[in-house]
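To be precise, the following lines are model.pdb, and they hold PDB, C-alpha atoms and all ligand atoms.
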```pdb
MODEL        1
ATOM      1  CA  MET A   1       9.817 -21.941  -1.601  1.00  0.00           C
ATOM      2  CA  LYS A   2      12.641 -21.916  -4.135  1.00  0.00           C
ATOM      3  CA  GLY A   3      12.136 -20.302  -7.489  1.00  0.00           C
ATOM      4  CA  ILE A   4      13.413 -17.719  -9.926  1.00  0.00           C
ATOM      5  CA  CYS A   5      13.291 -14.200  -8.506  1.00  0.00           C
ATOM      6  CA  ARG A   6      11.665 -11.796 -10.967  1.00  0.00           C
ATOM      7  CA  LEU A   7      14.196  -9.042 -10.300  1.00  0.00           C
ATOM      8  CA  CYS A   8      17.613 -10.721 -10.034  1.00  0.00           C
ATOM      9  CA  GLN A   9      16.510 -13.744 -12.094  1.00  0.00           C
ATOM     10  CA  GLN A  10      18.475 -16.091  -9.847  1.00  0.00           C
ATOM     11  CA  GLU A  11      17.187 -19.230  -8.211  1.00  0.00           C
ATOM     12  CA  LYS A  12      16.621 -18.218  -4.596  1.00  0.00           C
ATOM     13  CA  ASP A  13      14.344 -18.736  -1.651  1.00  0.00           C
ATOM     14  CA  LEU A  14      11.409 -16.530  -2.524  1.00  0.00           C
ATOM     15  CA  ILE A  15       9.551 -14.635   0.126  1.00  0.00           C
ATOM     16  CA  ARG A  16       5.966 -15.613   0.632  1.00  0.00           C
ATOM     17  CA  ARG A  17       4.336 -12.241   0.137  1.00  0.00           C
ATOM     18  CA  SER A  18       5.706  -9.125  -1.488  1.00  0.00           C
ATOM     19  CA  HIS A  19       3.900  -5.829  -1.605  1.00  0.00           C
ATOM     20  CA  ILE A  20       3.294  -4.962  -5.174  1.00  0.00           C
ATOM     21  CA  TRP A  21       3.439  -1.304  -4.253  1.00  0.00           C
ATOM     22  CA  PRO A  22       4.774  -0.044  -0.939  1.00  0.00           C
ATOM     23  CA  ASP A  23       2.448   0.042   2.034  1.00  0.00           C
ATOM     24  CA  PHE A  24       2.986   3.741   2.698  1.00  0.00           C
ATOM     25  CA  MET A  25       1.289   4.592  -0.583  1.00  0.00           C
ATOM     26  CA  TYR A  26      -1.898   2.960   0.693  1.00  0.00           C
ATOM     27  CA  LYS A  27      -1.872   4.876   3.976  1.00  0.00           C
ATOM     28  CA  GLY A  28      -5.412   5.557   5.133  1.00  0.00           C
ATOM     29  CA  MET A  29      -6.946   3.505   2.362  1.00  0.00           C
ATOM     30  CA  TYR A  30      -7.822   0.391   4.293  1.00  0.00           C
ATOM     31  CA  ASP A  31     -11.135   0.116   6.083  1.00  0.00           C
ATOM     32  CA  ASP A  32     -11.387  -1.116   9.668  1.00  0.00           C
ATOM     33  CA  LYS A  33     -11.282  -4.722   8.472  1.00  0.00           C
ATOM     34  CA  GLY A  34      -8.037  -4.150   6.602  1.00  0.00           C
ATOM     35  CA  ARG A  35      -9.670  -4.212   3.197  1.00  0.00           C
ATOM     36  CA  LEU A  36      -8.703  -2.031   0.298  1.00  0.00           C
ATOM     37  CA  TYR A  37     -11.043  -0.524  -2.265  1.00  0.00           C
ATOM     38  CA  VAL A  38     -10.132  -0.767  -5.915  1.00  0.00           C
ATOM     39  CA  ILE A  39     -11.902  -0.180  -9.187  1.00  0.00           C
ATOM     40  CA  ASN A  40     -11.390  -2.393 -12.169  1.00  0.00           C
ATOM     41  CA  SER A  41     -13.172  -3.187 -15.372  1.00  0.00           C
ATOM     42  CA  SER A  42     -14.954  -6.322 -14.170  1.00  0.00           C
ATOM     43  CA  GLU A  43     -17.057  -4.321 -11.690  1.00  0.00           C
ATOM     44  CA  PRO A  44     -16.586  -0.721 -12.737  1.00  0.00           C
ATOM     45  CA  ALA A  45     -19.720   0.801 -11.284  1.00  0.00           C
ATOM     46  CA  LYS A  46     -18.808   0.060  -7.701  1.00  0.00           C
ATOM     47  CA  HIS A  47     -15.763  -0.147  -5.593  1.00  0.00           C
ATOM     48  CA  ARG A  48     -14.411  -3.623  -5.416  1.00  0.00           C
ATOM     49  CA  THR A  49     -13.155  -4.802  -2.096  1.00  0.00           C
ATOM     50  CA  VAL A  50      -9.856  -6.563  -1.939  1.00  0.00           C
ATOM     51  CA  GLN A  51      -8.693  -8.333   1.171  1.00  0.00           C
ATOM     52  CA  SER A  52      -5.325  -7.496   2.644  1.00  0.00           C
ATOM     53  CA  GLY A  53      -4.119  -5.076  -0.012  1.00  0.00           C
ATOM     54  CA  SER A  54      -1.962  -5.740  -2.991  1.00  0.00           C
ATOM     55  CA  TYR A  55       0.341  -8.643  -2.412  1.00  0.00           C
ATOM     56  CA  GLU A  56       2.037 -10.900  -4.862  1.00  0.00           C
ATOM     57  CA  GLN A  57       3.217 -14.331  -3.784  1.00  0.00           C
ATOM     58  CA  HIS A  58       6.695 -15.733  -4.382  1.00  0.00           C
ATOM     59  CA  ILE A  59       8.016 -13.222  -6.871  1.00  0.00           C
ATOM     60  CA  PHE A  60      11.094 -11.774  -5.148  1.00  0.00           C
ATOM     61  CA  CYS A  61      13.976 -13.049  -3.061  1.00  0.00           C
ATOM     62  CA  SER A  62      14.520 -11.222   0.212  1.00  0.00           C
ATOM     63  CA  ASP A  63      17.544  -9.299  -1.129  1.00  0.00           C
ATOM     64  CA  CYS A  64      15.498  -7.869  -3.967  1.00  0.00           C
ATOM     65  CA  ASP A  65      12.435  -7.158  -1.869  1.00  0.00           C
ATOM     66  CA  ASN A  66      14.096  -5.714   1.225  1.00  0.00           C
ATOM     67  CA  VAL A  67      17.309  -4.277  -0.138  1.00  0.00           C
ATOM     68  CA  ARG A  68      17.053  -3.414  -3.837  1.00  0.00           C
ATOM     69  CA  ILE A  69      13.411  -2.327  -3.944  1.00  0.00           C
ATOM     70  CA  GLY A  70      13.222  -1.546  -0.230  1.00  0.00           C
ATOM     71  CA  GLN A  71      15.949   1.071  -0.537  1.00  0.00           C
ATOM     72  CA  LEU A  72      14.080   2.893  -3.301  1.00  0.00           C
ATOM     73  CA  GLU A  73      10.862   2.786  -1.296  1.00  0.00           C
ATOM     74  CA  ARG A  74      12.527   4.104   1.829  1.00  0.00           C
ATOM     75  CA  TYR A  75      14.025   6.960  -0.159  1.00  0.00           C
ATOM     76  CA  ALA A  76      10.655   7.943  -1.629  1.00  0.00           C
ATOM     77  CA  SER A  77       8.876   7.613   1.705  1.00  0.00           C
ATOM     78  CA  ASN A  78      11.420   9.668   3.623  1.00  0.00           C
ATOM     79  CA  ASN A  79      11.892  12.372   1.008  1.00  0.00           C
ATOM     80  CA  LEU A  80       8.407  12.933  -0.351  1.00  0.00           C
ATOM     81  CA  TYR A  81       5.494  11.058   1.211  1.00  0.00           C
ATOM     82  CA  ARG A  82       6.410  11.747   4.810  1.00  0.00           C
ATOM     83  CA  LYS A  83       7.426  15.344   4.111  1.00  0.00           C
ATOM     84  CA  PRO A  84       5.147  18.412   4.240  1.00  0.00           C
ATOM     85  CA  TYR A  85       5.079  18.663   0.453  1.00  0.00           C
ATOM     86  CA  LEU A  86       1.852  20.704   0.424  1.00  0.00           C
ATOM     87  CA  GLU A  87       3.514  23.474   2.423  1.00  0.00           C
ATOM     88  CA  GLU A  88       6.057  26.107   1.498  1.00  0.00           C
ATOM     89  CA  ASN A  89       9.511  25.164   2.787  1.00  0.00           C
ATOM     90  CA  ALA A  90      13.085  24.704   1.633  1.00  0.00           C
ATOM     91  CA  ALA A  91      12.412  21.361  -0.039  1.00  0.00           C
ATOM     92  CA  PHE A  92       9.036  22.228  -1.613  1.00  0.00           C
ATOM     93  CA  LYS A  93       7.997  25.500  -3.282  1.00  0.00           C
ATOM     94  CA  GLN A  94       4.307  26.133  -4.000  1.00  0.00           C
ATOM     95  CA  ILE A  95       4.167  27.979  -7.331  1.00  0.00           C
ATOM     96  CA  SER A  96       1.087  29.331  -9.143  1.00  0.00           C
ATOM     97  CA  VAL A  97       1.229  28.967 -12.899  1.00  0.00           C
ATOM     98  CA  PRO A  98      -1.114  30.425 -15.560  1.00  0.00           C
ATOM     99  CA  GLY A  99      -4.393  28.564 -15.895  1.00  0.00           C
ATOM    100  CA  GLY A 100      -5.187  28.441 -12.205  1.00  0.00           C
ATOM    101  CA  ILE A 101      -2.980  25.450 -11.539  1.00  0.00           C
ATOM    102  CA  GLN A 102      -0.402  25.200  -8.841  1.00  0.00           C
ATOM    103  CA  VAL A 103       2.828  23.303  -9.121  1.00  0.00           C
ATOM    104  CA  ILE A 104       4.806  21.966  -6.198  1.00  0.00           C
ATOM    105  CA  HIS A 105       8.469  22.375  -7.072  1.00  0.00           C
ATOM    106  CA  CYS A 106      10.442  19.606  -5.385  1.00  0.00           C
ATOM    107  CA  GLU A 107      13.873  21.131  -5.081  1.00  0.00           C
ATOM    108  CA  ASP A 108      16.179  18.342  -4.047  1.00  0.00           C
ATOM    109  CA  LEU A 109      15.177  14.794  -4.896  1.00  0.00           C
ATOM    110  CA  ASN A 110      17.955  12.348  -5.670  1.00  0.00           C
ATOM    111  CA  TYR A 111      17.454  11.680  -9.370  1.00  0.00           C
ATOM    112  CA  ASN A 112      18.627   8.076  -9.472  1.00  0.00           C
ATOM    113  CA  GLN A 113      16.746   6.986  -6.383  1.00  0.00           C
ATOM    114  CA  PHE A 114      13.459   8.666  -7.188  1.00  0.00           C
ATOM    115  CA  LYS A 115      13.507   7.856 -10.894  1.00  0.00           C
ATOM    116  CA  LEU A 116      14.148   4.175 -10.168  1.00  0.00           C
ATOM    117  CA  PHE A 117      11.446   4.222  -7.492  1.00  0.00           C
ATOM    118  CA  LEU A 118       8.938   5.475 -10.083  1.00  0.00           C
ATOM    119  CA  LEU A 119      10.131   2.953 -12.652  1.00  0.00           C
ATOM    120  CA  SER A 120       9.776   0.197 -10.060  1.00  0.00           C
ATOM    121  CA  LEU A 121       6.083   1.121  -9.649  1.00  0.00           C
ATOM    122  CA  LEU A 122       5.570   0.882 -13.398  1.00  0.00           C
ATOM    123  CA  TRP A 123       7.456  -2.400 -13.680  1.00  0.00           C
ATOM    124  CA  ARG A 124       5.699  -4.004 -10.718  1.00  0.00           C
ATOM    125  CA  ALA A 125       2.291  -2.969 -12.073  1.00  0.00           C
ATOM    126  CA  SER A 126       3.194  -4.657 -15.350  1.00  0.00           C
ATOM    127  CA  ILE A 127       4.388  -7.953 -13.860  1.00  0.00           C
ATOM    128  CA  SER A 128       1.601  -8.080 -11.263  1.00  0.00           C
ATOM    129  CA  THR A 129      -1.245 -10.558 -11.541  1.00  0.00           C
ATOM    130  CA  GLU A 130      -3.429  -8.461  -9.188  1.00  0.00           C
ATOM    131  CA  ALA A 131      -6.881  -7.667 -10.572  1.00  0.00           C
ATOM    132  CA  VAL A 132      -6.376  -3.933 -10.283  1.00  0.00           C
ATOM    133  CA  PHE A 133      -3.504  -4.090 -12.771  1.00  0.00           C
ATOM    134  CA  GLU A 134      -5.191  -6.480 -15.200  1.00  0.00           C
ATOM    135  CA  ASN A 135      -5.634  -3.917 -17.969  1.00  0.00           C
ATOM    136  CA  PHE A 136      -2.026  -2.838 -17.955  1.00  0.00           C
ATOM    137  CA  LYS A 137       0.873  -4.738 -19.497  1.00  0.00           C
ATOM    138  CA  LEU A 138       4.096  -3.451 -20.983  1.00  0.00           C
ATOM    139  CA  GLY A 139       5.881  -5.143 -23.858  1.00  0.00           C
ATOM    140  CA  GLU A 140       8.516  -7.765 -23.067  1.00  0.00           C
ATOM    141  CA  ASP A 141      11.362  -5.469 -24.100  1.00  0.00           C
ATOM    142  CA  GLU A 142      10.029  -2.638 -21.949  1.00  0.00           C
ATOM    143  CA  GLU A 143       9.672  -4.918 -18.926  1.00  0.00           C
ATOM    144  CA  GLU A 144      13.211  -6.179 -19.395  1.00  0.00           C
ATOM    145  CA  PHE A 145      14.589  -2.641 -19.740  1.00  0.00           C
ATOM    146  CA  LEU A 146      12.933  -1.677 -16.446  1.00  0.00           C
ATOM    147  CA  ARG A 147      13.969  -4.866 -14.654  1.00  0.00           C
ATOM    148  CA  ALA A 148      17.610  -4.495 -15.688  1.00  0.00           C
ATOM    149  CA  SER A 149      17.655  -0.767 -14.849  1.00  0.00           C
ATOM    150  CA  ILE A 150      16.290  -1.375 -11.338  1.00  0.00           C
ATOM    151  CA  TYR A 151      18.563  -4.361 -10.712  1.00  0.00           C
ATOM    152  CA  GLU A 152      21.713  -2.631 -11.971  1.00  0.00           C
ATOM    153  CA  LYS A 153      20.777   0.747 -10.452  1.00  0.00           C
ATOM    154  CA  ALA A 154      21.315   2.208 -13.888  1.00  0.00           C
ATOM    155  CA  VAL A 155      21.229   5.916 -14.585  1.00  0.00           C
ATOM    156  CA  VAL A 156      18.170   6.016 -16.794  1.00  0.00           C
ATOM    157  CA  ASP A 157      17.500   8.753 -19.340  1.00  0.00           C
ATOM    158  CA  GLU A 158      15.113  11.447 -18.073  1.00  0.00           C
ATOM    159  CA  MET A 159      12.760  10.850 -20.966  1.00  0.00           C
ATOM    160  CA  ALA A 160      12.656   7.060 -20.558  1.00  0.00           C
ATOM    161  CA  PHE A 161       9.151   6.412 -19.175  1.00  0.00           C
ATOM    162  CA  PRO A 162       8.841   9.903 -17.667  1.00  0.00           C
ATOM    163  CA  CYS A 163       6.254  10.180 -14.918  1.00  0.00           C
ATOM    164  CA  VAL A 164       4.258  13.267 -13.934  1.00  0.00           C
ATOM    165  CA  LEU A 165       2.593  13.348 -10.522  1.00  0.00           C
ATOM    166  CA  LEU A 166      -0.639  15.127  -9.712  1.00  0.00           C
ATOM    167  CA  THR A 167      -2.078  15.558  -6.248  1.00  0.00           C
ATOM    168  CA  SER A 168      -5.271  16.845  -4.740  1.00  0.00           C
ATOM    169  CA  GLY A 169      -3.846  18.906  -1.974  1.00  0.00           C
ATOM    170  CA  GLY A 170      -5.901  16.958   0.549  1.00  0.00           C
ATOM    171  CA  ALA A 171      -8.949  14.911  -0.502  1.00  0.00           C
ATOM    172  CA  ALA A 172     -11.020  13.084   2.088  1.00  0.00           C
ATOM    173  CA  LEU A 173      -9.253   9.810   2.739  1.00  0.00           C
ATOM    174  CA  ASP A 174     -12.406   7.715   2.899  1.00  0.00           C
ATOM    175  CA  GLU A 175     -13.069   8.535  -0.749  1.00  0.00           C
ATOM    176  CA  ASN A 176      -9.743   7.260  -1.908  1.00  0.00           C
ATOM    177  CA  PHE A 177      -9.208   4.230  -4.023  1.00  0.00           C
ATOM    178  CA  ILE A 178      -6.713   2.620  -6.303  1.00  0.00           C
ATOM    179  CA  ALA A 179      -7.408   2.400 -10.014  1.00  0.00           C
ATOM    180  CA  VAL A 180      -5.535   2.057 -13.270  1.00  0.00           C
ATOM    181  CA  ASP A 181      -6.455   3.906 -16.444  1.00  0.00           C
ATOM    182  CA  ALA A 182      -4.676   2.036 -19.218  1.00  0.00           C
ATOM    183  CA  PHE A 183      -7.230   2.953 -21.851  1.00  0.00           C
ATOM    184  CA  LYS A 184      -5.464   5.872 -23.483  1.00  0.00           C
ATOM    185  CA  THR A 185      -2.885   5.086 -26.122  1.00  0.00           C
ATOM    186  CA  GLY A 186       0.707   5.752 -25.188  1.00  0.00           C
ATOM    187  CA  LEU A 187       0.257   6.522 -21.516  1.00  0.00           C
ATOM    188  CA  VAL A 188      -0.988   4.945 -18.304  1.00  0.00           C
ATOM    189  CA  LYS A 189      -2.397   6.605 -15.195  1.00  0.00           C
ATOM    190  CA  PHE A 190      -2.288   5.072 -11.740  1.00  0.00           C
ATOM    191  CA  TYR A 191      -4.644   6.522  -9.139  1.00  0.00           C
ATOM    192  CA  ILE A 192      -3.619   5.747  -5.626  1.00  0.00           C
ATOM    193  CA  ASN A 193      -4.503   7.631  -2.493  1.00  0.00           C
ATOM    194  CA  ALA A 194      -3.802  11.345  -2.921  1.00  0.00           C
ATOM    195  CA  PHE A 195      -1.763  10.964  -6.132  1.00  0.00           C
ATOM    196  CA  VAL A 196      -2.181  10.287  -9.819  1.00  0.00           C
ATOM    197  CA  TYR A 197       0.944   8.956 -11.516  1.00  0.00           C
ATOM    198  CA  THR A 198       0.953   9.415 -15.286  1.00  0.00           C
ATOM    199  CA  PHE A 199       3.650   7.495 -17.117  1.00  0.00           C
ATOM    200  CA  TYR A 200       4.299   8.470 -20.718  1.00  0.00           C
ATOM    201  CA  LEU A 201       5.046   5.404 -22.796  1.00  0.00           C
ATOM    202  CA  ALA A 202       4.896   6.634 -26.393  1.00  0.00           C
ATOM    203  CA  GLU A 203       7.359   9.210 -27.738  1.00  0.00           C
ATOM    204  CA  ASN A 204       4.587  11.349 -29.257  1.00  0.00           C
ATOM    205  CA  LYS A 205       2.933  11.755 -25.833  1.00  0.00           C
ATOM    206  CA  LYS A 206       6.016  13.321 -24.256  1.00  0.00           C
ATOM    207  CA  ASP A 207       6.057  17.102 -24.581  1.00  0.00           C
ATOM    208  CA  GLU A 208       7.715  20.152 -23.050  1.00  0.00           C
ATOM    209  CA  THR A 209       5.415  20.004 -20.009  1.00  0.00           C
ATOM    210  CA  THR A 210       6.400  16.389 -19.417  1.00  0.00           C
ATOM    211  CA  ARG A 211      10.039  17.393 -19.616  1.00  0.00           C
ATOM    212  CA  GLN A 212       9.581  20.270 -17.193  1.00  0.00           C
ATOM    213  CA  LEU A 213       7.576  18.365 -14.573  1.00  0.00           C
ATOM    214  CA  ALA A 214       9.102  14.869 -14.622  1.00  0.00           C
ATOM    215  CA  ILE A 215      12.099  14.392 -12.353  1.00  0.00           C
ATOM    216  CA  GLY A 216      15.314  15.601 -13.968  1.00  0.00           C
ATOM    217  CA  MET A 217      18.998  15.036 -13.391  1.00  0.00           C
ATOM    218  CA  ASP A 218      19.052  18.520 -11.812  1.00  0.00           C
ATOM    219  CA  GLN A 219      17.216  16.737  -8.883  1.00  0.00           C
ATOM    220  CA  LYS A 220      14.073  18.803  -9.479  1.00  0.00           C
ATOM    221  CA  MET A 221      10.514  17.660 -10.087  1.00  0.00           C
ATOM    222  CA  GLY A 222       7.150  19.416 -10.405  1.00  0.00           C
ATOM    223  CA  ILE A 223       3.943  17.964  -8.958  1.00  0.00           C
ATOM    224  CA  MET A 224       0.673  19.387 -10.286  1.00  0.00           C
ATOM    225  CA  LYS A 225      -1.645  20.398  -7.451  1.00  0.00           C
ATOM    226  CA  VAL A 226      -5.342  20.760  -8.238  1.00  0.00           C
ATOM    227  CA  SER A 227      -8.365  21.895  -6.241  1.00  0.00           C
ATOM    228  CA  ILE A 228     -10.757  19.423  -4.629  1.00  0.00           C
ATOM    229  CA  ALA A 229     -13.335  20.246  -7.340  1.00  0.00           C
ATOM    230  CA  GLN A 230     -10.835  19.454 -10.107  1.00  0.00           C
ATOM    231  CA  TRP A 231      -9.744  16.351  -8.235  1.00  0.00           C
ATOM    232  CA  ASN A 232     -13.324  15.076  -8.110  1.00  0.00           C
ATOM    233  CA  LEU A 233     -13.679  15.607 -11.868  1.00  0.00           C
ATOM    234  CA  ILE A 234     -10.477  13.649 -12.435  1.00  0.00           C
ATOM    235  CA  ARG A 235     -11.678  10.819 -10.197  1.00  0.00           C
ATOM    236  CA  ASN A 236     -15.010  10.674 -12.011  1.00  0.00           C
ATOM    237  CA  SER A 237     -13.185  10.493 -15.328  1.00  0.00           C
ATOM    238  CA  ILE A 238     -11.367   7.306 -14.312  1.00  0.00           C
ATOM    239  CA  ILE A 239     -14.627   5.700 -13.249  1.00  0.00           C
ATOM    240  CA  GLU A 240     -16.206   6.654 -16.592  1.00  0.00           C
ATOM    241  CA  ALA A 241     -13.183   5.425 -18.544  1.00  0.00           C
ATOM    242  CA  THR A 242     -13.365   2.100 -16.723  1.00  0.00           C
ATOM    243  CA  ILE A 243     -17.087   1.736 -17.423  1.00  0.00           C
ATOM    244  CA  ALA A 244     -16.574   2.640 -21.101  1.00  0.00           C
ATOM    245  CA  ALA A 245     -13.793   0.073 -21.417  1.00  0.00           C
ATOM    246  CA  SER A 246     -15.899  -2.677 -19.880  1.00  0.00           C
ATOM    247  CA  ASN A 247     -18.718  -1.961 -22.350  1.00  0.00           C
ATOM    248  CA  ARG A 248     -16.486  -2.392 -25.381  1.00  0.00           C
TER     249      ARG A 248
HETATM  250 ZN    ZN B 301      16.171 -11.478  -6.298  1.00  0.00          ZN
ENDMDL
END
```
Just give me the structure as structure tokens.
Amino acid sequence: MKGICRLCQQEKDLIRRSHIWPDFMYKGMYDDKGRLYVINSSEPAKHRTVQSGSYEQHIFCSDCDNVRIGQLERYASNNLYRKPYLEENAAFKQISVPGGIQVIHCEDLNYNQFKLFLLSLLWRASISTEAVFENFKLGEDEEEFLRASIYEKAVVDEMAFPCVLLTSGGAALDENFIAVDAFKTGLVKFYINAFVYTFYLAENKKDETTRQLAIGMDQKMGIMKVSIAQWNLIRNSIIEATIAASNR
């Protein structure tokens, strides 16, 4: 099918199905029938089952899907998700900070690749028509900034849509789900598998902690690592936030 590709904005043959987010992020989240569990505001009290994961039809040409976005995904997969990031090694340092929290110091992530990977998650969530992303939409100018940055492989400012990652350090996979908390002003949280991605949208939400943890041009990034008990509290909070939003 011919159409206008959402990333390069050229008229091209569009591929039939694009992953909205890369498959490796959903690892272990499908049940034995290949279904994925999500939570959204239309049925907040229970997990909603979605067939075949998060696909979007006819949005990208194959160059954009496989090459432009694919390259960012491969970088992130090879340099974080498939690495032993919960262990102490040359690439990842496990540091205890005051307050009983641990931080995983990622020592050598390519700034441009990983920053654009994160921005591509944010942008794709915004342009997606999938139910799980229905409560999240950026402004037109913000979407265009992200689209152009990803397409042009721009060097984006560190504090443009900074993202802080949080991980459980190993929650049971069968409890995992994907959810979006877009109910707080000025930030959005994406819960997927063993990670929470918090993107700071408003200037007044970005603070020194954001600056320290979000990936920097020095190629370093900090991931907050919480206990299973804390992780369960965080997961319950998204369910409550979703229920509260649906009762408004
Ligand atoms: Zn394209």
Next item on the list: Identify all residues satisfying the PyMOL selection byres (((chain A and resi 17) around 7) and not hetatm) in the given file; provide them as a count of residues only.
Entry: 8
Give me the chain A side of the contact with ligand ZN 301 (chain B), cut-off 7 Å, one line per residue showing its nearest atom pair and distance in Å at one decimal, counting all atoms listed in the file, sorted by chain and residue number, as a tab-separated table.
```
residue	atom	partner	partner_atom	distance
A:Cys5	CA	B:ZN301	ZN	4.5
A:Arg6	CA	B:ZN301	ZN	6.5
A:Leu7	CA	B:ZN301	ZN	5.1
A:Cys8	CA	B:ZN301	ZN	4.1
A:Gln9	CA	B:ZN301	ZN	6.2
A:Gln10	CA	B:ZN301	ZN	6.3
A:Lys12	CA	B:ZN301	ZN	7.0
A:Phe60	CA	B:ZN301	ZN	5.2
A:Cys61	CA	B:ZN301	ZN	4.2
A:Ser62	CA	B:ZN301	ZN	6.7
A:Asp63	CA	B:ZN301	ZN	5.8
A:Cys64	CA	B:ZN301	ZN	4.3
```
Answer key for the PyMOL selection byres (((chain A and resi 224) around 6) and not hetatm), residues as a PDB file with C-alpha atoms, in the frame of the given file:
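Result file out_2.pdb:
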```pdb
ATOM      1  CA  VAL A 103       2.828  23.303  -9.121  1.00  0.00           C
ATOM      2  CA  LEU A 166      -0.639  15.127  -9.712  1.00  0.00           C
ATOM      3  CA  ILE A 223       3.943  17.964  -8.958  1.00  0.00           C
ATOM      4  CA  LYS A 225      -1.645  20.398  -7.451  1.00  0.00           C
TER       5      LYS A 225
END
```
Next item on the list: Name the residues that the PyMOL selection byres (((chain A and resi 102) around 10) and not hetatm) picks from the file above, as a ChimeraX atom specification, using the file's chain letters and numbers.
Entry: /A:94-101,103-105,169,222-227
Those residues with C-alpha atoms, as an mmCIF file, keeping the file's coordinate frame please?
```cif
data_model
loop_
_atom_site.group_PDB
_atom_site.id
_atom_site.type_symbol
_atom_site.label_atom_id
_atom_site.label_comp_id
_atom_site.auth_asym_id
_atom_site.auth_seq_id
_atom_site.Cartn_x
_atom_site.Cartn_y
_atom_site.Cartn_z
ATOM 1 C CA GLN A 94 4.307 26.133 -4.000
ATOM 2 C CA ILE A 95 4.167 27.979 -7.331
ATOM 3 C CA SER A 96 1.087 29.331 -9.143
ATOM 4 C CA VAL A 97 1.229 28.967 -12.899
ATOM 5 C CA PRO A 98 -1.114 30.425 -15.560
ATOM 6 C CA GLY A 99 -4.393 28.564 -15.895
ATOM 7 C CA GLY A 100 -5.187 28.441 -12.205
ATOM 8 C CA ILE A 101 -2.980 25.450 -11.539
ATOM 9 C CA VAL A 103 2.828 23.303 -9.121
ATOM 10 C CA ILE A 104 4.806 21.966 -6.198
ATOM 11 C CA HIS A 105 8.469 22.375 -7.072
ATOM 12 C CA GLY A 169 -3.846 18.906 -1.974
ATOM 13 C CA GLY A 222 7.150 19.416 -10.405
ATOM 14 C CA ILE A 223 3.943 17.964 -8.958
ATOM 15 C CA MET A 224 0.673 19.387 -10.286
ATOM 16 C CA LYS A 225 -1.645 20.398 -7.451
ATOM 17 C CA VAL A 226 -5.342 20.760 -8.238
ATOM 18 C CA SER A 227 -8.365 21.895 -6.241
#
```
Next item on the list: Counting only C-alpha atoms, figure out which residue out of A:Leu86, A:Leu146, A:Leu80, A:Val132 gets nearest to A:Trp21.
Entry: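 Using only C-alpha atoms, A:Trp21 sits closest to A:Val132.
Residue nearest A:Leu121, chosen from A:Ala182, A:Ile20, A:Tyr151, A:Met159 and counting all atoms listed in the file: A:Ile20.
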Considering all atoms listed in the file, give me a table of residues in stretch 151-242 of chain A that are at most 12 Å from stretch 140-144 of chain A, with the closest atom pair and distance in Å for each, as JSON lines.
```
{"residue": "A:Tyr151", "atom": "CA", "partner": "A:Glu144", "partner_atom": "CA", "distance": 10.4}
{"residue": "A:Glu152", "atom": "CA", "partner": "A:Glu144", "partner_atom": "CA", "distance": 11.8}
{"residue": "A:Ala160", "atom": "CA", "partner": "A:Glu142", "partner_atom": "CA", "distance": 10.1}
{"residue": "A:Phe161", "atom": "CA", "partner": "A:Glu142", "partner_atom": "CA", "distance": 9.5}
{"residue": "A:Leu201", "atom": "CA", "partner": "A:Glu142", "partner_atom": "CA", "distance": 9.5}
{"residue": "A:Ala202", "atom": "CA", "partner": "A:Glu142", "partner_atom": "CA", "distance": 11.5}
```
Can I get the selection written as a compact mmCIF listing (two decimals), in the frame of the given file, with C-alpha atoms?
```txt
# COMPACT_ATOMS: atom_id res chain seq x y z
CA TYR A 151 18.56 -4.36 -10.71
CA GLU A 152 21.71 -2.63 -11.97
CA ALA A 160 12.66 7.06 -20.56
CA PHE A 161 9.15 6.41 -19.18
CA LEU A 201 5.05 5.40 -22.80
CA ALA A 202 4.90 6.63 -26.39
```
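Taking atom CA of A:Lys153 as the reference point, atom CA of A:Leu138 is found at 20.2 Å.
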Margin query: When you look at A:Lys184 with a cut-off of 12 Å (counting all atoms listed in the file), what residues show up, excluding the ones that are within fewer than 3 positions of it in the same chain? I need them as number ranges by chain.
Written below: A: 135-136, 180-181, 187-189, 198-202, 205, 238, 241-242, 244-245
Margin query: I'd like to know which of A:Asn204, A:Phe24, A:Asn112, A:Ser149 is closest to A:Arg82, using all atoms listed in the file.
Written below: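 Among the listed residues, A:Phe24 lies closest to A:Arg82.
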Margin query: What's the separation between atom CA of A:Ala125 and atom CA of A:Ile59, in Å to one decimal place?
Written below: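 Interatomic distance here is 12.8 Å.
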Check: Quick one, how far is atom CA of A:Tyr85 from atom CA of A:Ala154?
Finding: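 Between atom CA of A:Tyr85 and atom CA of A:Ala154 the gap is 27.2 Å.
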Item checked: For A:Phe195, the nearest of the candidates A:Asp157, A:Asn79, A:Met25, A:Gln212, counting all atoms listed in the file -> A:Met25
Next item on the list: Tell me which protein, DNA and RNA residues are within 10 Å of A:Val155, counting only C-alpha atoms, leaving out same-chain ones fewer than 3 positions away, and put them as an MDAnalysis selection string.
Entry: chainID A and resid 111:113 115:116 149:150 152 158 217
Checklist line | Residue nearest A:Ile69 among A:Leu119, A:Ala194, A:Leu109, A:Ala91 (counting only C-alpha atoms) | finding: A:Leu119
Check: Which of these, A:Cys106, A:Pro22, A:Glu87, A:Ser126, has the shortest distance to A:Leu72 once you count all atoms listed in the file?
Finding: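 Closest to A:Leu72 of all the choices is A:Pro22.
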6 Å per side around stretch 204-214 of chain A: axis-aligned box centre and edge lengths, as lines of an AutoDock Vina configuration file:
```
center_x = 6.5
center_y = 15.8
center_z = -21.9
size_x = 19.1
size_y = 20.9
size_z = 26.7
```
